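Participant: Structure file model.txt (compact mmCIF, C-alpha atoms) is given on the next line.
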# COMPACT_ATOMS: atom_id res chain seq x y z
CA MET A 12 0.00 0.00 0.00
CA LYS A 13 1.32 3.43 -0.97
CA LEU A 14 1.68 6.18 1.60
CA LEU A 15 -0.78 9.03 1.22
CA PRO A 16 0.70 12.47 0.51
CA GLU A 17 1.39 14.53 3.64
CA ARG A 18 -1.07 17.27 2.68
CA THR A 19 -3.79 14.67 2.09
CA VAL A 20 -3.27 13.23 5.57
CA GLU A 21 -3.49 16.75 7.02
CA ARG A 22 -6.76 17.39 5.20
CA LEU A 23 -8.23 14.03 6.27
CA SER A 24 -7.61 15.01 9.89
CA GLN A 25 -9.30 18.36 9.25
CA TYR A 26 -12.21 16.67 7.45
CA ARG A 27 -12.80 14.38 10.42
CA ARG A 28 -12.98 17.23 12.94
CA VAL A 29 -15.36 19.23 10.75
CA LEU A 30 -17.48 16.17 9.96
CA GLN A 31 -17.73 15.25 13.64
CA ARG A 32 -19.07 18.71 14.43
CA GLN A 33 -21.64 18.35 11.66
CA LEU A 34 -22.67 14.92 12.96
CA ASP A 35 -22.97 16.27 16.52
CA ASN A 36 -25.31 18.95 15.14
CA GLY A 37 -27.58 16.29 13.61
CA THR A 38 -26.38 16.40 9.99
CA GLU A 39 -26.22 12.92 8.42
CA SER A 40 -24.83 13.62 4.96
CA ILE A 41 -22.77 16.25 3.20
CA TYR A 42 -21.82 17.20 -0.36
CA SER A 43 -18.25 17.84 -1.46
CA HIS A 44 -18.94 21.53 -2.08
CA GLU A 45 -20.35 21.91 1.46
CA LEU A 46 -17.32 20.26 3.04
CA ALA A 47 -15.00 22.31 0.83
CA LYS A 48 -16.67 25.55 1.91
CA LEU A 49 -16.18 24.69 5.60
CA LEU A 50 -12.44 24.23 5.02
CA HIS A 51 -11.91 26.97 2.41
CA ILE A 52 -10.70 24.57 -0.28
CA THR A 53 -12.15 23.44 -3.61
CA PRO A 54 -14.77 20.69 -4.07
CA VAL A 55 -12.39 19.05 -6.57
CA GLN A 56 -9.76 18.72 -3.84
CA VAL A 57 -12.28 17.17 -1.46
CA ARG A 58 -13.39 14.62 -4.06
CA ARG A 59 -9.78 13.72 -4.91
CA ASP A 60 -8.89 13.15 -1.27
CA ILE A 61 -11.93 10.98 -0.66
CA MET A 62 -11.31 9.01 -3.85
CA LEU A 63 -7.78 8.27 -2.57
CA MET A 64 -9.47 6.49 0.32
CA GLY A 65 -11.47 4.39 -2.12
CA HIS A 66 -14.76 6.01 -1.14
CA SER A 67 -17.50 7.72 -3.12
CA GLY A 68 -20.74 9.50 -2.41
CA THR A 69 -24.03 9.73 -4.31
CA LEU A 70 -25.33 12.55 -6.45
CA ARG A 71 -28.59 12.59 -4.50
CA ARG A 72 -27.31 12.60 -0.91
CA GLY A 73 -23.58 13.24 -1.05
CA TYR A 74 -21.38 11.49 1.53
CA ASN A 75 -22.69 9.71 4.60
CA ILE A 76 -20.91 11.57 7.40
CA GLU A 77 -20.73 8.72 9.90
CA ASN A 78 -19.30 6.34 7.29
CA LEU A 79 -16.77 8.93 6.18
CA ILE A 80 -15.58 9.58 9.75
CA HIS A 81 -15.18 5.83 10.29
CA LEU A 82 -13.22 5.39 7.07
CA ILE A 83 -10.87 8.29 7.84
CA GLY A 84 -10.23 6.76 11.26
CA GLN A 85 -9.37 3.40 9.68
CA ILE A 86 -6.81 5.08 7.45
CA ILE A 87 -5.03 7.58 9.70
CA ASP A 88 -5.43 5.99 13.16
CA CYS A 89 -3.55 3.05 14.63
CA SER A 90 -5.48 0.04 15.89
CA GLY A 91 -4.45 0.95 19.45
CA GLN A 92 -3.15 4.06 21.19
CA GLN A 93 0.12 5.63 20.12
CA LYS A 94 2.23 6.93 22.97
CA ILE A 95 3.84 10.37 23.04
CA ALA A 96 6.67 11.99 24.97
CA ILE A 97 7.24 15.72 25.35
CA ILE A 98 10.86 16.77 25.64
CA GLY A 99 11.17 20.18 27.30
CA ILE A 100 8.50 21.08 29.85
CA GLY A 101 8.63 24.87 29.68
CA ASN A 102 5.54 27.01 29.02
CA LEU A 103 4.88 25.49 25.58
CA GLY A 104 5.60 21.94 26.70
CA GLU A 105 3.27 22.30 29.66
CA ALA A 106 0.51 23.77 27.49
CA LEU A 107 0.83 20.82 25.07
CA ALA A 108 0.75 18.37 27.99
CA ASN A 109 -2.50 19.95 29.21
CA TYR A 110 -4.04 19.76 25.76
CA LEU A 111 -3.07 16.13 25.15
CA THR A 112 -4.36 14.92 28.51
CA GLU A 113 -7.63 16.88 28.31
CA ASN A 114 -8.58 15.75 24.79
CA LYS A 115 -9.60 12.14 24.28
CA THR A 116 -7.77 10.77 21.24
CA LYS A 117 -5.78 7.66 20.37
CA LEU A 118 -2.65 9.70 21.08
CA GLN A 119 -1.63 9.15 24.70
CA LEU A 120 0.90 11.33 26.50
CA SER A 121 3.03 8.87 28.49
CA ALA A 122 6.11 10.83 29.62
CA VAL A 123 7.67 14.27 29.75
CA PHE A 124 11.40 14.99 30.01
CA ASP A 125 13.56 17.90 31.09
CA ASN A 126 17.14 18.53 32.25
CA ASN A 127 16.06 21.03 34.90
CA MET A 128 16.31 19.19 38.21
CA ASP A 129 13.68 21.51 39.72
CA LYS A 130 11.18 19.95 37.29
CA VAL A 131 12.34 16.31 37.34
CA GLY A 132 10.06 14.17 39.49
CA LYS A 133 7.19 16.67 39.42
CA ILE A 134 3.79 15.87 37.90
CA TYR A 135 2.53 17.78 34.86
CA SER A 136 -1.07 17.12 33.80
CA GLY A 137 -0.91 13.79 35.60
CA ILE A 138 2.36 12.78 33.90
CA VAL A 139 5.68 12.44 35.71
CA CYS A 140 8.66 14.44 34.45
CA TYR A 141 11.79 12.32 33.93
CA ASN A 142 15.42 13.35 33.69
CA ILE A 143 16.46 13.62 30.04
CA LYS A 144 19.32 11.25 30.88
CA ASN A 145 16.74 8.46 31.21
CA LEU A 146 15.19 9.17 27.81
CA LYS A 147 16.10 5.90 26.09
CA LYS A 148 15.12 3.70 29.03
CA ILE A 149 11.70 5.33 29.51
CA VAL A 150 10.87 5.52 25.79
CA GLN A 151 11.62 1.83 25.33
CA ARG A 152 9.91 0.78 28.56
CA GLU A 153 6.71 2.68 27.73
CA ASN A 154 6.84 1.81 24.00
CA ILE A 155 6.66 5.49 23.04
CA THR A 156 6.75 6.14 19.28
CA ILE A 157 6.21 9.92 18.96
CA GLY A 158 8.35 12.72 20.40
CA ILE A 159 7.43 16.40 20.69
CA LEU A 160 10.41 18.75 20.88
CA THR A 161 10.00 22.01 22.79
CA VAL A 162 13.65 22.43 23.77
CA PRO A 163 16.12 25.30 23.16
CA PRO A 164 17.17 25.38 19.47
CA SER A 165 20.78 24.52 20.30
CA GLN A 166 19.67 21.16 21.71
CA ALA A 167 17.17 20.16 19.02
CA ASN A 168 19.35 18.05 16.73
CA GLU A 169 21.17 16.30 19.55
CA ILE A 170 17.93 15.30 21.29
CA ALA A 171 16.26 14.32 18.00
CA LEU A 172 19.13 11.90 17.37
CA LYS A 173 18.73 10.46 20.87
CA LEU A 174 15.00 10.02 20.22
CA LYS A 175 15.70 8.08 17.04
CA GLU A 176 18.25 5.89 18.84
CA ALA A 177 15.63 5.21 21.54
CA GLY A 178 13.16 3.93 18.94
CA ILE A 179 11.01 7.00 18.30
CA LEU A 180 9.39 6.81 14.84
CA GLY A 181 8.11 10.38 14.45
CA ILE A 182 8.95 13.84 15.80
CA ILE A 183 7.03 17.10 15.95
CA ASN A 184 9.63 19.84 16.11
CA TYR A 185 8.48 23.09 17.74
CA THR A 186 11.96 24.61 17.68
CA PRO A 187 12.91 27.14 14.95
CA VAL A 188 15.79 25.01 13.64
CA SER A 189 15.64 22.23 11.04
CA ILE A 190 16.39 18.75 12.31
CA ASN A 191 18.92 16.74 10.33
CA VAL A 192 17.99 13.21 11.38
CA LYS A 193 17.26 10.66 8.67
CA GLY A 194 15.07 7.60 8.81
CA ILE A 195 12.12 8.94 10.84
CA PHE A 196 9.22 11.23 9.99
CA ILE A 197 9.69 14.83 11.16
CA GLU A 198 7.00 17.49 11.19
CA GLN A 199 8.35 21.02 11.52
CA TYR A 200 6.00 23.43 13.26
CA ASP A 201 7.44 26.88 12.69
CA VAL A 202 5.52 29.44 14.74
CA ILE A 203 7.52 32.40 13.40
CA THR A 204 6.85 31.49 9.77
CA SER A 205 3.13 31.12 10.52
CA LEU A 206 3.04 34.49 12.28
CA GLU A 207 4.90 36.21 9.45
CA LYS A 208 2.54 34.65 6.89
CA VAL A 209 -0.48 35.94 8.80
CA ALA A 210 1.19 39.35 9.21
CA TYR A 211 1.70 39.55 5.44
CA PHE A 212 -1.96 38.87 4.66
CA ALA A 213 -3.04 41.18 7.49
CA LYS A 214 -1.30 44.20 5.93
CA PRO A 215 -4.06 46.73 5.15
CA LYS A 216 -3.44 46.67 1.39
CA ASN A 217 -3.37 42.86 1.25
CA ALA A 218 -6.36 42.52 3.57
CA ALA A 219 -8.29 44.85 1.26
CA ILE A 220 -7.53 42.59 -1.70
CA LEU A 221 -8.81 39.56 0.25
CA GLN A 222 -11.96 41.40 1.29
CA GLU A 223 -12.59 42.51 -2.30
CA GLY A 224 -12.31 38.91 -3.48
CA CYS A 225 -15.01 37.83 -0.99
CA LYS A 226 -17.58 40.30 -2.33
In structure tokens, write the structure found in this file.
Facilitator:
Amino acid sequence: MKLLPERTVERLSQYRRVLQRQLDNGTESIYSHELAKLLHITPVQVRRDIMLMGHSGTLRRGYNIENLIHLIGQIIDCSGQQKIAIIGIGNLGEALANYLTENKTKLQLSAVFDNNMDKVGKIYSGIVCYNIKNLKKIVQRENITIGILTVPPSQANEIALKLKEAGILGIINYTPVSINVKGIFIEQYDVITSLEKVAYFAKPKNAAILQEGCK
């Protein structure tokens, strides 16, 4: 089986959240143009993504929402829970820990790590903070497969390499530096780039162009 493109996987996750809200509101079916409008993309893109899953709707009723949610889950979820570790329990790391423990998903936060001895041994969102020196032992013991990096930029590549050596299969990198570790999937979340992109489109002259296009 071929891997789906990264952007398709991202959209499937977004589809599921939007579809679940529609289902919770009592909607049973949806057309591609309706789903596209909710996500600000084209109906053609929606149909292509859904066709990649081997699914199709009907001209009369569109897509059955419950079936579509189930199918997306079969494709992007694991059969059981995937375990996560957060490395760096500063303000961002703590906020992510709160989010992951408060939201019920198949992604389970199992450990947090830091090199600050004032934090080691403390409990964050119900999860114990371990010394970074014990990273490999804890990751392997808990069968953790995903690491979230919220460490100082100077430490990012070194810790990413240690995560790979411990058996981590995927990393979300919240630091502003690129990670040069091969053989695992790395998702770069660049807050500065996102802010600068929003700032560009929020310039008065650019915002006016966007507003004109919506009329």
Participant: Mind giving me the straight-line distance from atom CA of A:Ala213 to atom CA of A:Arg18 in Å, one decimal?
Facilitator: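 We find that atom CA of A:Ala213 and atom CA of A:Arg18 lie 24.5 Å from each other.
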Participant: I'd like the interatomic distance between atom CA of A:Gln199 and atom CA of A:Lys13, to a tenth of an Å.
Facilitator: 22.7 Å
Participant: Quick one: residues within 9 Å of stretch 101-103 of chain A, only C-alpha atoms, excluding same-chain residues fewer than 5 positions away - as a list in words?
Facilitator: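 The filter keeps Ala108, Asp125, Thr161, Val162 and Tyr185 of chain A.
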Participant: Show me, as a list in words, the residues that have an atom within 12 Å of A:Leu14 when counting only C-alpha atoms, minus same-chain residues fewer than 3 positions from it.
Facilitator: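 Result of the neighbour search: Glu17, Arg18, Thr19, Val20, Leu63, Met64, Ile86 and Ile87 of chain A.
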Participant: I need the chosen residues saved as an mmCIF file, in the coordinates of the input, with C-alpha atoms.
Facilitator:
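Below is the file result_37.cif, written as the result:
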data_model
loop_
_atom_site.group_PDB
_atom_site.id
_atom_site.type_symbol
_atom_site.label_atom_id
_atom_site.label_comp_id
_atom_site.auth_asym_id
_atom_site.auth_seq_id
_atom_site.Cartn_x
_atom_site.Cartn_y
_atom_site.Cartn_z
ATOM 1 C CA GLU A 17 1.390 14.530 3.640
ATOM 2 C CA ARG A 18 -1.070 17.270 2.680
ATOM 3 C CA THR A 19 -3.790 14.670 2.090
ATOM 4 C CA VAL A 20 -3.270 13.230 5.570
ATOM 5 C CA LEU A 63 -7.780 8.270 -2.570
ATOM 6 C CA MET A 64 -9.470 6.490 0.320
ATOM 7 C CA ILE A 86 -6.810 5.080 7.450
ATOM 8 C CA ILE A 87 -5.030 7.580 9.700
#
Participant: Quick check, in Å to one decimal: how far apart do atom CA of A:Asp201 and atom CA of A:Ser189 lie?
Facilitator: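 These atoms are spaced 9.6 Å apart.
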Participant: Within 12 Å of A:Gly91, counting only C-alpha atoms, which residues qualify if same-chain residues fewer than 6 places away don't, as a list in words?
Facilitator: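 Non-adjacent residues within range: Gly84, Gln85, Thr116, Lys117, Leu118 and Gln119 of chain A.
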Participant: Residues at most 12 Å from A:Gly65, counting all atoms listed in the file, excluding those fewer than 4 positions away in the same chain, as a list in words?
Facilitator: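 Once the adjacent positions are removed, what remains is Arg58, Arg59, Asp60, Ile61, Leu79, Leu82, Ile83 and Ile86 of chain A.
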